[in-house]
$ cat input-v2.csv   # CSV, C-alpha atoms and all ligand atoms
chain,number,residue,atom,x,y,z
A,1,MET,CA,6.5,13.6,-20.6
A,2,PRO,CA,4.4,16.0,-18.6
A,3,THR,CA,2.3,13.3,-16.9
A,4,TYR,CA,2.7,14.8,-13.5
A,5,GLY,CA,1.6,18.3,-14.4
A,6,GLU,CA,3.0,21.4,-12.8
A,7,ARG,CA,5.1,20.9,-9.7
A,8,ASP,CA,5.9,23.9,-7.6
A,9,LEU,CA,7.9,22.6,-4.7
A,10,ALA,CA,11.4,21.0,-4.7
A,11,PHE,CA,13.0,19.4,-1.6
A,12,ALA,CA,16.7,19.4,-1.1
A,13,ARG,CA,16.8,17.0,1.9
A,14,GLY,CA,14.8,15.1,4.4
A,15,LYS,CA,15.3,14.0,8.0
A,16,GLY,CA,12.9,11.9,10.0
A,17,CYS,CA,9.4,13.3,9.5
A,18,TYR,CA,10.6,16.6,7.9
A,19,LEU,CA,11.5,17.7,4.4
A,20,TYR,CA,13.5,20.9,3.7
A,21,THR,CA,13.5,23.0,0.6
A,22,THR,CA,16.6,24.4,-1.0
A,23,SER,CA,16.0,27.7,0.8
A,24,GLY,CA,15.7,25.8,4.1
A,25,LYS,CA,11.9,25.9,4.6
A,26,LYS,CA,10.8,23.0,6.8
A,27,TYR,CA,7.7,20.9,6.0
A,28,LEU,CA,6.1,18.3,8.2
A,29,ASP,CA,5.7,15.2,6.0
A,30,PHE,CA,2.3,13.5,6.5
A,31,ALA,CA,2.3,12.3,2.9
A,32,GLY,CA,5.4,10.1,3.4
A,33,GLY,CA,6.0,9.9,-0.4
A,34,ILE,CA,2.5,8.5,-0.8
A,35,ALA,CA,2.7,6.0,2.0
A,36,VAL,CA,6.3,5.0,1.1
A,37,ASN,CA,8.7,6.5,3.7
A,38,SER,CA,7.7,4.1,6.4
A,39,LEU,CA,10.7,4.9,8.5
A,40,GLY,CA,10.8,8.6,7.5
A,41,HIS,CA,13.6,10.2,5.6
A,42,CYS,CA,17.2,9.1,5.8
A,43,HIS,CA,16.7,6.7,8.7
A,44,PRO,CA,20.2,6.3,10.2
A,45,GLN,CA,20.1,2.5,10.1
A,46,LEU,CA,19.0,2.5,6.5
A,47,VAL,CA,21.7,5.0,5.5
A,48,LYS,CA,24.3,2.9,7.2
A,49,ILE,CA,23.1,-0.3,5.5
A,50,LEU,CA,22.9,1.3,2.1
A,51,ASN,CA,26.4,2.8,2.5
A,52,LYS,CA,27.8,-0.5,3.5
A,53,GLN,CA,26.1,-2.5,0.7
A,54,SER,CA,27.1,0.1,-1.9
A,55,LYS,CA,30.7,-0.7,-1.2
A,56,ILE,CA,30.2,-4.4,-1.5
A,57,LEU,CA,27.9,-5.3,-4.4
A,58,TRP,CA,25.2,-3.5,-6.5
A,59,HIS,CA,24.0,-5.9,-9.1
A,60,THR,CA,24.7,-9.3,-10.5
A,61,SER,CA,21.3,-10.2,-12.2
A,62,ASN,CA,19.1,-13.1,-11.2
A,63,LEU,CA,21.2,-15.5,-13.1
A,64,TYR,CA,23.2,-16.0,-10.0
A,65,LYS,CA,22.4,-17.1,-6.5
A,66,ASN,CA,21.9,-14.2,-4.1
A,67,ASN,CA,22.2,-15.3,-0.5
A,68,ASN,CA,20.7,-12.1,1.0
A,69,GLN,CA,17.8,-12.3,-1.4
A,70,GLU,CA,17.0,-15.9,-0.2
A,71,LEU,CA,17.4,-14.9,3.4
A,72,PHE,CA,15.1,-11.9,2.9
A,73,ALA,CA,12.5,-14.2,1.3
A,74,LYS,CA,12.8,-16.6,4.2
A,75,GLU,CA,12.4,-13.8,6.7
A,76,LEU,CA,9.2,-12.6,4.9
A,77,CYS,CA,7.8,-16.1,4.8
A,78,ASN,CA,8.5,-16.6,8.5
A,79,LYS,CA,6.5,-13.5,9.4
A,80,THR,CA,3.6,-14.1,7.0
A,81,PHE,CA,1.3,-16.7,5.4
A,82,ALA,CA,3.7,-17.1,2.5
A,83,ASP,CA,6.0,-19.9,1.4
A,84,ARG,CA,7.3,-18.2,-1.8
A,85,VAL,CA,8.4,-14.8,-2.8
A,86,PHE,CA,9.1,-13.1,-6.1
A,87,PHE,CA,10.9,-9.7,-5.7
A,88,THR,CA,10.0,-6.7,-7.9
A,89,ASN,CA,10.9,-3.0,-8.0
A,90,SER,CA,7.4,-1.6,-7.6
A,91,GLY,CA,3.8,-2.3,-6.6
A,92,ALA,CA,2.4,-2.7,-10.1
A,93,GLU,CA,5.0,-5.3,-10.9
A,94,ALA,CA,4.0,-7.2,-7.7
A,95,ILE,CA,0.4,-7.0,-8.9
A,96,GLU,CA,1.4,-8.3,-12.4
A,97,CYS,CA,3.3,-11.2,-10.7
A,98,GLY,CA,0.2,-12.0,-8.6
A,99,LEU,CA,-2.0,-12.1,-11.7
A,100,LYS,CA,0.4,-14.5,-13.4
A,101,VAL,CA,0.3,-16.7,-10.3
A,102,ILE,CA,-3.5,-16.9,-10.6
A,103,LYS,CA,-3.4,-17.6,-14.3
A,104,SER,CA,-0.7,-20.2,-14.1
A,105,TYR,CA,-2.4,-22.0,-11.2
A,106,TRP,CA,-5.7,-22.5,-13.0
A,107,ASN,CA,-4.0,-23.2,-16.3
A,108,LEU,CA,-2.0,-26.0,-14.8
A,109,LYS,CA,-5.1,-27.3,-13.1
A,110,ASN,CA,-6.7,-27.3,-16.5
A,111,LYS,CA,-9.8,-25.6,-15.1
A,112,ASN,CA,-11.8,-23.0,-17.0
A,113,LYS,CA,-11.5,-20.4,-14.2
A,114,LYS,CA,-10.8,-17.1,-16.0
A,115,THR,CA,-12.6,-14.3,-14.1
A,116,ILE,CA,-10.9,-12.2,-11.4
A,117,ILE,CA,-13.3,-10.2,-9.2
A,118,THR,CA,-12.1,-6.7,-8.3
A,119,PHE,CA,-13.8,-3.8,-6.6
A,120,LYS,CA,-15.1,-0.4,-7.4
A,121,GLY,CA,-12.7,2.3,-6.1
A,122,ALA,CA,-9.7,0.0,-6.3
A,123,PHE,CA,-6.3,1.1,-7.4
A,124,HIS,CA,-3.7,-1.5,-8.4
A,125,GLY,CA,-1.3,0.5,-10.5
A,126,ARG,CA,-0.7,1.9,-14.0
A,127,THR,CA,0.2,-1.2,-16.0
A,128,PHE,CA,-2.3,-2.6,-18.5
A,129,ALA,CA,-3.3,-5.5,-16.2
A,130,ALA,CA,-3.8,-3.1,-13.3
A,131,LEU,CA,-5.8,-0.7,-15.4
A,132,SER,CA,-7.9,-3.6,-16.6
A,133,ALA,CA,-8.4,-4.9,-13.1
A,134,GLN,CA,-9.5,-1.6,-11.5
A,135,LYS,CA,-11.7,-0.5,-14.4
A,136,ASN,CA,-11.5,3.2,-13.5
A,137,LYS,CA,-11.8,5.6,-16.4
A,138,LYS,CA,-9.8,8.2,-14.6
A,139,TYR,CA,-6.7,6.0,-15.2
A,140,SER,CA,-7.6,4.0,-18.3
A,141,GLU,CA,-9.1,6.7,-20.6
A,142,GLY,CA,-7.3,6.6,-23.9
A,143,PHE,CA,-5.6,3.2,-23.2
A,144,THR,CA,-8.2,0.8,-24.6
A,145,PRO,CA,-8.5,-2.0,-25.4
A,146,LEU,CA,-7.8,-3.3,-22.0
A,147,LEU,CA,-7.4,-7.0,-20.9
A,148,SER,CA,-10.6,-9.0,-20.5
A,149,GLY,CA,-11.2,-11.3,-17.5
A,150,PHE,CA,-11.9,-8.9,-14.7
A,151,LYS,CA,-15.3,-8.2,-13.1
A,152,ASN,CA,-15.4,-5.0,-11.1
A,153,ILE,CA,-18.1,-5.1,-8.4
A,154,THR,CA,-19.4,-3.0,-5.4
A,155,PHE,CA,-16.9,-2.8,-2.5
A,156,ASN,CA,-17.9,-4.1,1.0
A,157,ASP,CA,-21.1,-5.7,-0.2
A,158,GLU,CA,-21.5,-9.4,0.6
A,159,LYS,CA,-24.7,-9.9,-1.4
A,160,VAL,CA,-23.3,-8.4,-4.6
A,161,LEU,CA,-20.2,-10.5,-4.1
A,162,LEU,CA,-22.1,-13.8,-3.7
A,163,LYS,CA,-24.3,-12.9,-6.8
A,164,ASN,CA,-21.1,-12.6,-8.9
A,165,ILE,CA,-19.5,-15.8,-8.0
A,166,THR,CA,-19.6,-18.4,-10.8
A,167,LYS,CA,-17.8,-21.6,-11.7
A,168,GLU,CA,-15.4,-19.4,-13.7
A,169,THR,CA,-14.3,-17.2,-10.8
A,170,ALA,CA,-10.6,-17.7,-10.5
A,171,ALA,CA,-9.7,-15.2,-7.8
A,172,ILE,CA,-10.9,-12.3,-5.7
A,173,MET,CA,-8.5,-9.4,-5.6
A,174,ILE,CA,-8.9,-6.7,-3.0
A,175,GLU,CA,-7.0,-3.9,-1.0
A,176,PRO,CA,-7.9,-4.4,2.7
A,177,ILE,CA,-7.8,-0.6,2.8
A,178,GLN,CA,-8.5,1.2,-0.5
A,179,GLY,CA,-5.9,3.9,-0.7
A,180,GLU,CA,-6.1,6.0,-3.9
A,181,GLY,CA,-9.9,5.2,-4.1
A,182,GLY,CA,-10.4,7.3,-1.0
A,183,ILE,CA,-9.1,5.6,2.2
A,184,ARG,CA,-11.9,3.1,2.5
A,185,PRO,CA,-11.2,0.1,4.7
A,186,ALA,CA,-12.9,-3.2,3.8
A,187,SER,CA,-14.8,-4.2,6.9
A,188,LEU,CA,-13.3,-7.0,8.8
A,189,LYS,CA,-16.6,-8.8,8.4
A,190,PHE,CA,-16.4,-8.4,4.6
A,191,LEU,CA,-12.8,-9.7,4.5
A,192,LYS,CA,-13.8,-12.8,6.6
A,193,TYR,CA,-16.7,-13.3,4.3
A,194,ILE,CA,-14.5,-13.2,1.2
A,195,LYS,CA,-12.2,-15.8,2.7
A,196,LYS,CA,-15.2,-18.0,3.5
A,197,ILE,CA,-16.4,-17.7,-0.1
A,198,CYS,CA,-12.9,-18.4,-1.5
A,199,ILE,CA,-12.7,-21.7,0.5
A,200,LYS,CA,-16.2,-22.7,-0.4
A,201,HIS,CA,-15.9,-22.1,-4.1
A,202,ASP,CA,-12.3,-23.0,-4.7
A,203,ILE,CA,-11.2,-19.4,-5.4
A,204,LEU,CA,-7.8,-17.8,-4.9
A,205,LEU,CA,-7.6,-14.8,-2.6
A,206,PHE,CA,-5.2,-12.1,-3.8
A,207,LEU,CA,-4.6,-9.2,-1.5
A,208,ASP,CA,-3.1,-5.9,-2.7
A,209,GLU,CA,-1.3,-4.6,0.4
A,210,VAL,CA,1.0,-2.3,-1.6
A,211,GLN,CA,-0.3,0.7,0.4
A,212,SER,CA,-1.9,-0.8,3.5
A,213,GLY,CA,1.0,-3.2,4.3
A,214,PHE,CA,4.3,-3.0,6.1
A,215,GLY,CA,3.1,-1.8,9.4
A,216,ARG,CA,0.9,1.0,8.2
A,217,SER,CA,-2.2,-0.5,9.9
A,218,GLY,CA,-0.4,-1.3,13.1
A,219,LYS,CA,0.1,-4.9,12.0
A,220,LEU,CA,2.7,-6.0,9.5
A,221,TYR,CA,-0.2,-6.5,7.0
A,222,ALA,CA,-3.7,-5.1,7.4
A,223,HIS,CA,-5.4,-8.4,6.7
A,224,GLU,CA,-4.1,-9.7,10.0
A,225,TRP,CA,-6.7,-7.6,11.8
A,226,ALA,CA,-9.4,-9.9,10.1
A,227,LYS,CA,-7.5,-13.0,11.1
A,228,ILE,CA,-7.5,-14.3,7.5
A,229,LYS,CA,-4.8,-15.6,5.2
A,230,PRO,CA,-4.6,-14.9,1.5
A,231,ASP,CA,-3.1,-17.2,-1.1
A,232,ILE,CA,-1.2,-14.3,-2.8
A,233,LEU,CA,-0.2,-10.8,-1.7
A,234,ALA,CA,1.4,-7.8,-3.4
A,235,THR,CA,3.6,-5.6,-1.3
A,236,ALA,CA,5.7,-2.6,-2.1
A,237,LYS,CA,5.9,1.1,-0.9
A,238,GLY,CA,6.7,0.8,2.8
A,239,ILE,CA,8.9,-2.3,2.3
A,240,GLY,CA,11.8,-0.2,1.0
A,241,SER,CA,11.0,3.0,3.0
A,242,GLY,CA,11.9,5.0,-0.2
A,243,PHE,CA,14.1,2.5,-1.9
A,244,PRO,CA,12.4,1.0,-5.0
A,245,LEU,CA,11.3,-2.5,-3.9
A,246,GLY,CA,8.3,-4.7,-4.0
A,247,ALA,CA,7.4,-8.4,-3.8
A,248,CYS,CA,4.7,-10.9,-4.6
A,249,LEU,CA,4.2,-13.3,-1.7
A,250,ALA,CA,2.3,-16.6,-2.2
A,251,THR,CA,1.7,-20.0,-0.7
A,252,SER,CA,3.5,-22.9,-2.4
A,253,LYS,CA,0.1,-24.3,-3.4
A,254,ALA,CA,-1.0,-21.1,-5.2
A,255,SER,CA,2.3,-20.5,-6.9
A,256,PHE,CA,2.9,-24.1,-8.1
A,257,GLY,CA,2.5,-22.9,-11.7
A,258,MET,CA,5.3,-20.4,-11.4
A,259,THR,CA,8.1,-22.7,-12.5
A,260,ARG,CA,11.4,-22.1,-14.3
A,261,GLY,CA,11.1,-19.5,-17.0
A,262,LYS,CA,7.6,-18.4,-16.1
A,263,HIS,CA,8.6,-14.9,-14.8
A,264,GLY,CA,11.6,-12.7,-14.3
A,265,SER,CA,13.0,-9.3,-13.6
A,266,THR,CA,16.4,-7.8,-14.3
A,267,TYR,CA,16.5,-5.7,-11.1
A,268,GLY,CA,14.0,-7.4,-8.8
A,269,GLY,CA,15.6,-8.4,-5.6
A,270,ASN,CA,18.9,-6.7,-6.3
A,271,PRO,CA,21.5,-6.6,-3.6
A,272,LEU,CA,20.9,-2.9,-2.7
A,273,ALA,CA,17.2,-3.3,-2.5
A,274,VAL,CA,17.4,-6.5,-0.5
A,275,ALA,CA,19.8,-5.0,2.0
A,276,ILE,CA,17.4,-2.2,2.7
A,277,GLY,CA,14.3,-4.4,2.7
A,278,ARG,CA,15.8,-6.8,5.3
A,279,GLU,CA,16.6,-3.9,7.6
A,280,VAL,CA,13.1,-2.3,7.2
A,281,LEU,CA,11.5,-5.7,7.9
A,282,LYS,CA,13.7,-6.1,11.0
A,283,ILE,CA,12.6,-2.7,12.4
A,284,ILE,CA,9.0,-2.8,11.4
A,285,SER,CA,8.1,-6.4,12.3
A,286,ASN,CA,9.3,-5.8,15.9
A,287,LYS,CA,6.3,-6.1,18.2
A,288,LYS,CA,7.1,-2.9,20.1
A,289,PHE,CA,7.4,-0.9,16.9
A,290,LEU,CA,4.0,-2.1,15.7
A,291,THR,CA,2.4,-1.5,19.1
A,292,ASP,CA,3.8,2.1,19.0
A,293,VAL,CA,2.3,2.5,15.5
A,294,ASP,CA,-1.0,1.4,16.9
A,295,VAL,CA,-0.8,3.7,19.9
A,296,ILE,CA,0.2,6.8,17.9
A,297,SER,CA,-2.4,6.1,15.2
A,298,ARG,CA,-5.2,6.0,17.8
A,299,TYR,CA,-3.9,9.3,19.2
A,300,LEU,CA,-4.0,10.8,15.7
A,301,TRP,CA,-7.5,9.3,15.1
A,302,LYS,CA,-8.8,10.8,18.4
A,303,ASN,CA,-7.5,14.2,17.4
A,304,LEU,CA,-8.9,14.1,13.9
A,305,LYS,CA,-12.3,13.1,15.3
A,306,GLN,CA,-12.1,16.1,17.6
A,307,LEU,CA,-11.2,18.3,14.6
A,308,GLN,CA,-14.2,16.9,12.7
A,309,SER,CA,-16.5,17.8,15.6
A,310,ASN,CA,-15.2,21.4,15.4
A,311,TYR,CA,-15.7,22.0,11.7
A,312,ASP,CA,-18.8,21.4,9.5
A,313,GLU,CA,-16.3,21.4,6.6
A,314,ILE,CA,-15.2,17.9,7.6
A,315,LEU,CA,-17.7,15.3,6.5
A,316,ASP,CA,-15.8,12.2,7.6
A,317,VAL,CA,-12.6,10.9,9.1
A,318,ARG,CA,-11.8,7.3,8.1
A,319,GLY,CA,-9.2,4.7,7.5
A,320,ALA,CA,-7.0,2.6,9.8
A,321,GLY,CA,-3.7,2.9,11.5
A,322,LEU,CA,-1.6,5.6,9.8
A,323,LEU,CA,-3.5,5.5,6.6
A,324,LEU,CA,-6.2,8.0,7.3
A,325,GLY,CA,-8.5,10.2,5.3
A,326,ILE,CA,-10.4,13.5,5.9
A,327,LYS,CA,-13.4,13.9,3.6
A,328,THR,CA,-14.1,17.6,3.1
A,329,LYS,CA,-17.0,19.6,1.6
A,330,GLN,CA,-14.8,21.9,-0.4
A,331,ASN,CA,-12.3,20.6,-3.0
A,332,ASN,CA,-9.7,18.4,-1.4
A,333,VAL,CA,-6.9,19.5,-3.7
A,334,MET,CA,-7.5,23.2,-2.9
A,335,ILE,CA,-7.4,22.3,0.9
A,336,ALA,CA,-4.2,20.2,0.5
A,337,ASN,CA,-2.6,23.1,-1.2
A,338,LYS,CA,-3.5,25.4,1.7
A,339,LEU,CA,-2.1,22.8,4.1
A,340,LYS,CA,1.1,22.8,2.0
A,341,LYS,CA,1.3,26.6,2.3
A,342,ASN,CA,1.1,26.1,6.0
A,343,LYS,CA,4.0,23.5,5.8
A,344,LEU,CA,2.0,20.3,6.2
A,345,LEU,CA,2.3,17.8,3.4
A,346,THR,CA,-0.7,15.5,2.7
A,347,VAL,CA,-1.9,13.7,-0.4
A,348,PRO,CA,-5.3,14.0,-2.0
A,349,ALA,CA,-7.1,10.7,-2.7
A,350,GLY,CA,-10.4,9.8,-4.5
A,351,ASP,CA,-13.8,10.7,-3.1
A,352,ASN,CA,-12.6,14.2,-2.1
A,353,ILE,CA,-10.3,12.9,0.6
A,354,ILE,CA,-7.2,14.5,2.1
A,355,ARG,CA,-5.0,11.5,2.8
A,356,LEU,CA,-2.6,11.3,5.8
A,357,ALA,CA,0.1,8.6,5.4
A,358,PRO,CA,3.0,9.9,7.6
A,359,PRO,CA,6.1,7.9,8.5
A,360,LEU,CA,5.3,5.2,11.0
A,361,THR,CA,7.9,6.8,13.3
A,362,ILE,CA,5.8,9.9,14.1
A,363,ASN,CA,5.4,10.8,17.8
A,364,LYS,CA,2.9,13.0,19.7
A,365,ILE,CA,4.9,16.1,18.9
A,366,HIS,CA,4.4,15.5,15.2
A,367,VAL,CA,0.7,14.7,15.6
A,368,ASP,CA,0.1,17.8,17.7
A,369,GLN,CA,1.9,19.9,15.1
A,370,ALA,CA,-0.1,18.4,12.3
A,371,ILE,CA,-3.4,19.0,14.2
A,372,LYS,CA,-2.4,22.6,14.9
A,373,ILE,CA,-1.8,23.2,11.1
A,374,LEU,CA,-5.0,21.5,10.2
A,375,ASN,CA,-6.9,23.7,12.7
A,376,GLN,CA,-5.3,26.8,11.4
A,377,THR,CA,-6.2,25.8,7.8
A,378,PHE,CA,-9.8,24.8,8.5
A,379,LYS,CA,-10.4,28.0,10.4
A,380,THR,CA,-9.6,30.0,7.2
A,381,LEU,CA,-12.1,27.9,5.3
A,382,LEU,CA,-15.1,28.9,7.5
B,401,LIG,C1,-2.9,-0.4,-3.5
B,401,LIG,C2,-1.9,-0.1,-4.6
B,401,LIG,N1,-1.6,-1.1,-5.4
B,401,LIG,C3,-0.6,-0.9,-6.4
B,401,LIG,C4,0.0,0.3,-6.5
B,401,LIG,C5,1.0,0.5,-7.6
B,401,LIG,O1,2.3,0.7,-7.1
B,401,LIG,P1,3.5,1.4,-7.9
B,401,LIG,O2,3.1,2.8,-8.1
B,401,LIG,O3,4.7,1.1,-7.0
B,401,LIG,O4,3.6,0.6,-9.2
B,401,LIG,C6,-0.3,1.4,-5.7
B,401,LIG,C7,0.3,2.7,-5.8
B,401,LIG,O5,-0.2,3.7,-5.3
B,401,LIG,C8,-1.3,1.2,-4.7
B,401,LIG,O6,-1.7,2.1,-3.8
$ encode --input "input-v2.csv" --output "structure tokens" --more "lines below"
Ligand SMILES: Cc1ncc(COP(=O)(O)O)c(C=O)c1O
Amino acid sequence: MPTYGERDLAFARGKGCYLYTTSGKKYLDFAGGIAVNSLGHCHPQLVKILNKQSKILWHTSNLYKNNNQELFAKELCNKTFADRVFFTNSGAEAIECGLKVIKSYWNLKNKNKKTIITFKGAFHGRTFAALSAQKNKKYSEGFTPLLSGFKNITFNDEKVLLKNITKETAAIMIEPIQGEGGIRPASLKFLKYIKKICIKHDILLFLDEVQSGFGRSGKLYAHEWAKIKPDILATAKGIGSGFPLGACLATSKASFGMTRGKHGSTYGGNPLAVAIGREVLKIISNKKFLTDVDVISRYLWKNLKQLQSNYDEILDVRGAGLLLGIKTKQNNVMIANKLKKNKLLTVPAGDNIIRLAPPLTINKIHVDQAIKILNQTFKTLL
């Protein structure tokens, strides 16, 4: 189905932060497979693990005990707020699972809490529940009727949030940094306020860290900057560094309705994905690795701000960690195409943003190279 439109570029291979076409042309990858290739392309440790696992076991189904899956779940719990994990193959599936956690929790408690608050500009995926949650016509046009039970309100606004809290509010669902919507971070103050509201009004907090998680912000999960803890969290993208993998994390309290038979997945948490995920977690959750992400992201930020001061064309630079956005006057897709011609890959996002989501392994050389190409490109736009 032609859902992706025309695609003019094909890559034959990737190494580290670079992609190479069949004819050998080299591109600096600051798109990272839309914030997916957290450790770059073909990271040697991941190649080794995948090779090793591919010779041992690929698939058994979730009818059988899977020791590595259980170990991975424990490792994730040890490093986060969570007590329970459900493995998926993608972000939208992790979102679906989280929504089922919310529904099952209030059903079991026999409380009439049926509204989930979501935010304008949010993106939670392409399934019906995700389309219903984000209420964005760009994605849901032609797919009505959607599911009821979601209230979509202004982002980063404490007053509006408070006004919309009722006895029926079951959960608040938010991306700590909106990705597709245009790289808009929730303020730390807003995240803290949401947590306070959740405690006060007995509401579950569901964080979508599919894009902002797994080291991208300089912490394992972006909400850690606000020093808050969710009840449920969806994670994907960076967790597999390119291998399809996702997970829904939850406290045992929030997930007490997810009992035998309540959910399932044929492939979720399969041996190949789990082997990769464990290795990615080991590398990314290392303190030194996260400090390096923080340091390099600040260097990129400083350079982007400098770029902004040189070009009226740049209206804003925003984001956090290595999930950054450049808001331009002229069309972002047109500019991203020009950057692509100059061998820098970026991804357009909502609100006319050019999104940068490079591998977390970039160094100063990569940043300098990206800034040079951005400079060259913005010069031609004058
Ligand atoms: C914040 C967020 N949530 C959910 C999703 C859906 O993930 P997937 O495309 O893996 O289903 C995305 C994908 O871009 C995302 O950015």
$ residues_near_ligand --input "input-v2.csv" --ligand "ligand LIG 401 (chain B)" --cutoff "7 Å" --atoms "all atoms listed in the file" --output "PyMOL selection string"
chain A and resi 90-93+95+123-126+175+178-180+208-211+236-237
$ residues_around --input "input-v2.csv" --residues "A:Glu224" --least-positions-apart "4" --cutoff "10 Å" --atoms "only C-alpha atoms" --output "CSV table (one decimal) with C-alpha atoms, in the frame of the given file"
chain,number,residue,atom,x,y,z
A,80,THR,CA,3.6,-14.1,7.0
A,81,PHE,CA,1.3,-16.7,5.4
A,176,PRO,CA,-7.9,-4.4,2.7
A,188,LEU,CA,-13.3,-7.0,8.8
A,217,SER,CA,-2.2,-0.5,9.9
A,218,GLY,CA,-0.4,-1.3,13.1
A,219,LYS,CA,0.1,-4.9,12.0
A,220,LEU,CA,2.7,-6.0,9.5
A,228,ILE,CA,-7.5,-14.3,7.5
A,229,LYS,CA,-4.8,-15.6,5.2
A,230,PRO,CA,-4.6,-14.9,1.5
$ atom_distance --input "input-v2.csv" --atom1 "atom CA of A:Leu272" --atom2 "atom CA of A:Ile49"
8.9 Å
$ residues_near_point --input "input-v2.csv" --point "(9.4, 3.6, 4.7)" --cutoff "9 Å" --atoms "all atoms listed in the file" --output "VMD selection string"
chain A and resid 32 to 33 35 to 41 43 214 237 to 243 280 359 to 360
$ write_last_selection --input "input-v2.csv" --atoms "C-alpha atoms" --output "compact mmCIF listing (two decimals), keeping the file's coordinate frame"
# COMPACT_ATOMS: atom_id res chain seq x y z
CA GLY A 32 5.40 10.10 3.40
CA GLY A 33 6.00 9.90 -0.40
CA ALA A 35 2.70 6.00 2.00
CA VAL A 36 6.30 5.00 1.10
CA ASN A 37 8.70 6.50 3.70
CA SER A 38 7.70 4.10 6.40
CA LEU A 39 10.70 4.90 8.50
CA GLY A 40 10.80 8.60 7.50
CA HIS A 41 13.60 10.20 5.60
CA HIS A 43 16.70 6.70 8.70
CA PHE A 214 4.30 -3.00 6.10
CA LYS A 237 5.90 1.10 -0.90
CA GLY A 238 6.70 0.80 2.80
CA ILE A 239 8.90 -2.30 2.30
CA GLY A 240 11.80 -0.20 1.00
CA SER A 241 11.00 3.00 3.00
CA GLY A 242 11.90 5.00 -0.20
CA PHE A 243 14.10 2.50 -1.90
CA VAL A 280 13.10 -2.30 7.20
CA PRO A 359 6.10 7.90 8.50
CA LEU A 360 5.30 5.20 11.00
$ residues_around --input "input-v2.csv" --residues "A:Ala250" --least-positions-apart "2" --cutoff "9 Å" --atoms "all atoms listed in the file" --output "PyMOL selection string"
chain A and resi 77+81-86+98+101+206+230-234+248+252-255
